[in-house]
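This report refers to the structure that appears directly beneath it.
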Amino acid sequence: MAKPKAPRRTLDSYTVKHINKTVKAGDCVLMRPSDPAKPSYVAKIERIEADGRGTNVKVHVRWYYRPEESIGGRRQFHGSKEVFLSDHYDLQSADTIEGKCTVHSFKSYTKLDAVGNDDFFCRFEYNSSTGAFNPDRVAVYCKCEMPYNPDDLMVQCEGCSFILRVSTCLRRKQKDLIISTVKIVPLKVRRSCRILIPLRDTWIQRWKQNGVGGDSVYKHMVEL
């Protein structure tokens, strides 16, 4: 008669020997992909368990999806370090953990002085079956009606609050601009525009709180 399997127990933490890092529930980690050509998977540890002898350690994870892994694919406003918290749960060997990482909120990410290789941000939850996002609407600021991509520098006219995305919208008007390291002076972008200044997310938040700038700063919500 076969001996019954010893019940598995939950661990408060576990040291992954090959990277010499201790992980616990709530940590975000990089996990080895099945295809070595692909980047590491990003996951959040929900629970760690082991057998009665403390071996055969497994981690219950909740996967983050990269934009290109979603049903709709990567879109122009998705950041290079953006991930979506999915409803996809899994059980993996702790040996597949390649390192720890940090998944910031969108607001915290935009305030980073420097973005490291292990820094990511999340502003949406993602339903892996339907492809739906939560929230399903996002604020837009640029005249192109595209949501804010934190990888793009945005500029705002001091006089009329006209906002442009430097990487795309402003580049289309490159022939009409004189650009220096101090300021960007538009010649034909708009008659009322005089000086365009860098636009940061912290400024947007301040304008929204103070009611400054009106619809031209915080335009409206667009459906994804």
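Following the order of the structure tokens, chains are lettered A, B, ..., residues in each are numbered from 1, and ligands are numbered from 1.
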
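These are the residues of segment 19-119 of chain A assigned helix (DSSP H, G or I) by DSSP from backbone coordinates: Pro67, Glu68, Glu69, Ala94, Asp95, Thr96, Phe106, Lys107, Ser108, Tyr109 and Thr110 of chain A.
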
Exercise for review: For Arg62 of chain A, list every protein, DNA or RNA residue within 9 Å, evaluated using only C-alpha atoms, and leave out those in the same chain fewer than 6 positions away; present the list as a list of chain:residue names.
Suggested key: A:Val42, A:Ala43, A:Lys44, A:Ile45, A:Glu46, A:Leu85, A:Ser86, A:Asp87, A:His88, A:Tyr89, A:Asp90, A:Leu91

Which residues of segment 51-165 of chain A come within 8 Å of segment 9-21 of chain A, and for each one, what is the closest pair of atoms and their distance in Å to one decimal, counting only C-alpha atoms, sorted by chain and residue number, as CSV?
residue,atom,partner,partner_atom,distance
A:Asp51,CA,A:Arg9,CA,6.2
A:Gly52,CA,A:Arg9,CA,6.7
A:Ala94,CA,A:Val16,CA,7.1
A:Asp95,CA,A:Val16,CA,7.0
A:Ile97,CA,A:Val16,CA,7.5
A:Glu98,CA,A:Ile19,CA,6.9
A:Gly99,CA,A:Ile19,CA,6.7
A:Lys100,CA,A:Lys21,CA,7.7

Suppose we keep N, CA, C and O atoms; can you now write the selection as a compact mmCIF listing (two decimals), in the first residue's frame?
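The result, stored in part-v6.txt:
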# COMPACT_ATOMS: atom_id res chain seq x y z
N ASP A 51 7.10 20.85 0.25
CA ASP A 51 6.64 19.58 0.82
C ASP A 51 7.03 19.52 2.29
O ASP A 51 7.61 20.47 2.85
N GLY A 52 6.72 18.41 2.93
CA GLY A 52 6.95 18.30 4.37
C GLY A 52 8.40 18.43 4.78
O GLY A 52 8.71 18.80 5.91
N ALA A 94 9.99 27.16 -8.00
CA ALA A 94 10.76 28.32 -7.54
C ALA A 94 12.10 28.43 -8.25
O ALA A 94 12.70 29.51 -8.30
N ASP A 95 12.56 27.33 -8.82
CA ASP A 95 13.84 27.34 -9.54
C ASP A 95 13.78 28.14 -10.83
O ASP A 95 14.82 28.45 -11.42
N ILE A 97 12.64 31.15 -11.02
CA ILE A 97 12.78 32.57 -10.71
C ILE A 97 14.18 33.03 -11.09
O ILE A 97 15.17 32.46 -10.65
N GLU A 98 14.25 34.07 -11.90
CA GLU A 98 15.54 34.59 -12.36
C GLU A 98 15.99 35.84 -11.61
O GLU A 98 17.16 36.22 -11.69
N GLY A 99 15.07 36.47 -10.91
CA GLY A 99 15.43 37.67 -10.17
C GLY A 99 14.19 38.37 -9.64
O GLY A 99 13.06 37.98 -9.95
N LYS A 100 14.41 39.40 -8.85
CA LYS A 100 13.31 40.21 -8.34
C LYS A 100 13.19 41.47 -9.19
O LYS A 100 14.17 41.93 -9.79

Review point. Among segment 18-53 of chain A, which ones does DSSP place in strand (DSSP E or B), written as a PyMOL selection string?
Key: chain A and resi 21-24+28-31+41-50

For the residues in that selection, give me C-alpha atoms as a short mmCIF file (atom, residue, chain, number, x, y, z; two decimals), in the first residue's frame.
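Here's the written file selection-v8.cif:
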data_model
loop_
_atom_site.label_atom_id
_atom_site.label_comp_id
_atom_site.auth_asym_id
_atom_site.auth_seq_id
_atom_site.Cartn_x
_atom_site.Cartn_y
_atom_site.Cartn_z
CA LYS A 21 17.66 36.35 -3.29
CA THR A 22 14.90 35.86 -0.72
CA VAL A 23 11.35 36.11 -2.01
CA LYS A 24 8.01 36.23 -0.24
CA CYS A 28 7.30 40.73 -8.08
CA VAL A 29 9.76 38.47 -9.85
CA LEU A 30 11.24 37.71 -13.24
CA MET A 31 10.69 34.12 -14.34
CA TYR A 41 8.14 36.71 -17.68
CA VAL A 42 6.94 39.13 -14.99
CA ALA A 43 4.85 37.72 -12.15
CA LYS A 44 3.58 38.53 -8.66
CA ILE A 45 4.03 35.85 -6.01
CA GLU A 46 0.74 34.96 -4.31
CA ARG A 47 1.97 32.07 -2.14
CA ILE A 48 5.02 29.87 -1.61
CA GLU A 49 4.68 26.21 -0.68
CA ALA A 50 6.97 23.23 -0.05
#

Check your understanding: So which residues touch Asn117 of chain A within 10 Å, counting only C-alpha atoms, skipping near sequence neighbours fewer than 5 positions away, as a VMD selection string?
Key -> chain A and resid 81 101 to 102

Go ahead and save the residues from that selection, with C-alpha atoms, as a PDB file, in the first residue's frame.
ATOM      1  CA  LYS A  81       8.267  48.947 -19.491  1.00  0.00           C
ATOM      2  CA  CYS A 101      11.776  43.269  -9.957  1.00  0.00           C
ATOM      3  CA  THR A 102       9.567  46.216  -9.080  1.00  0.00           C
TER       4      THR A 102
END

**Study point:** For Lys107 of chain A, the nearest of the candidates A:Tyr65, A:Tyr148, A:Phe84, A:Phe133, counting only C-alpha atoms
**Key:**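 Checking each candidate against Lys107 of chain A, we get A:Tyr148 as the closest.
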
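Across the structure, atom CA of Phe106 of chain A and atom CA of Cys122 of chain A are spaced 5.9 Å apart.
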
Review point. Which one is closest to Lys38 of chain A: A:Lys58, A:Arg53, A:Arg66, A:Lys111? Count only C-alpha atoms.
Key: A:Arg66

Practice item. Between atom CA of Pro147 of chain A and atom CA of Phe124 of chain A, measure the distance and give it in Å to one decimal. Key: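 Going from atom CA of Pro147 of chain A over to atom CA of Phe124 of chain A covers 12.8 Å.
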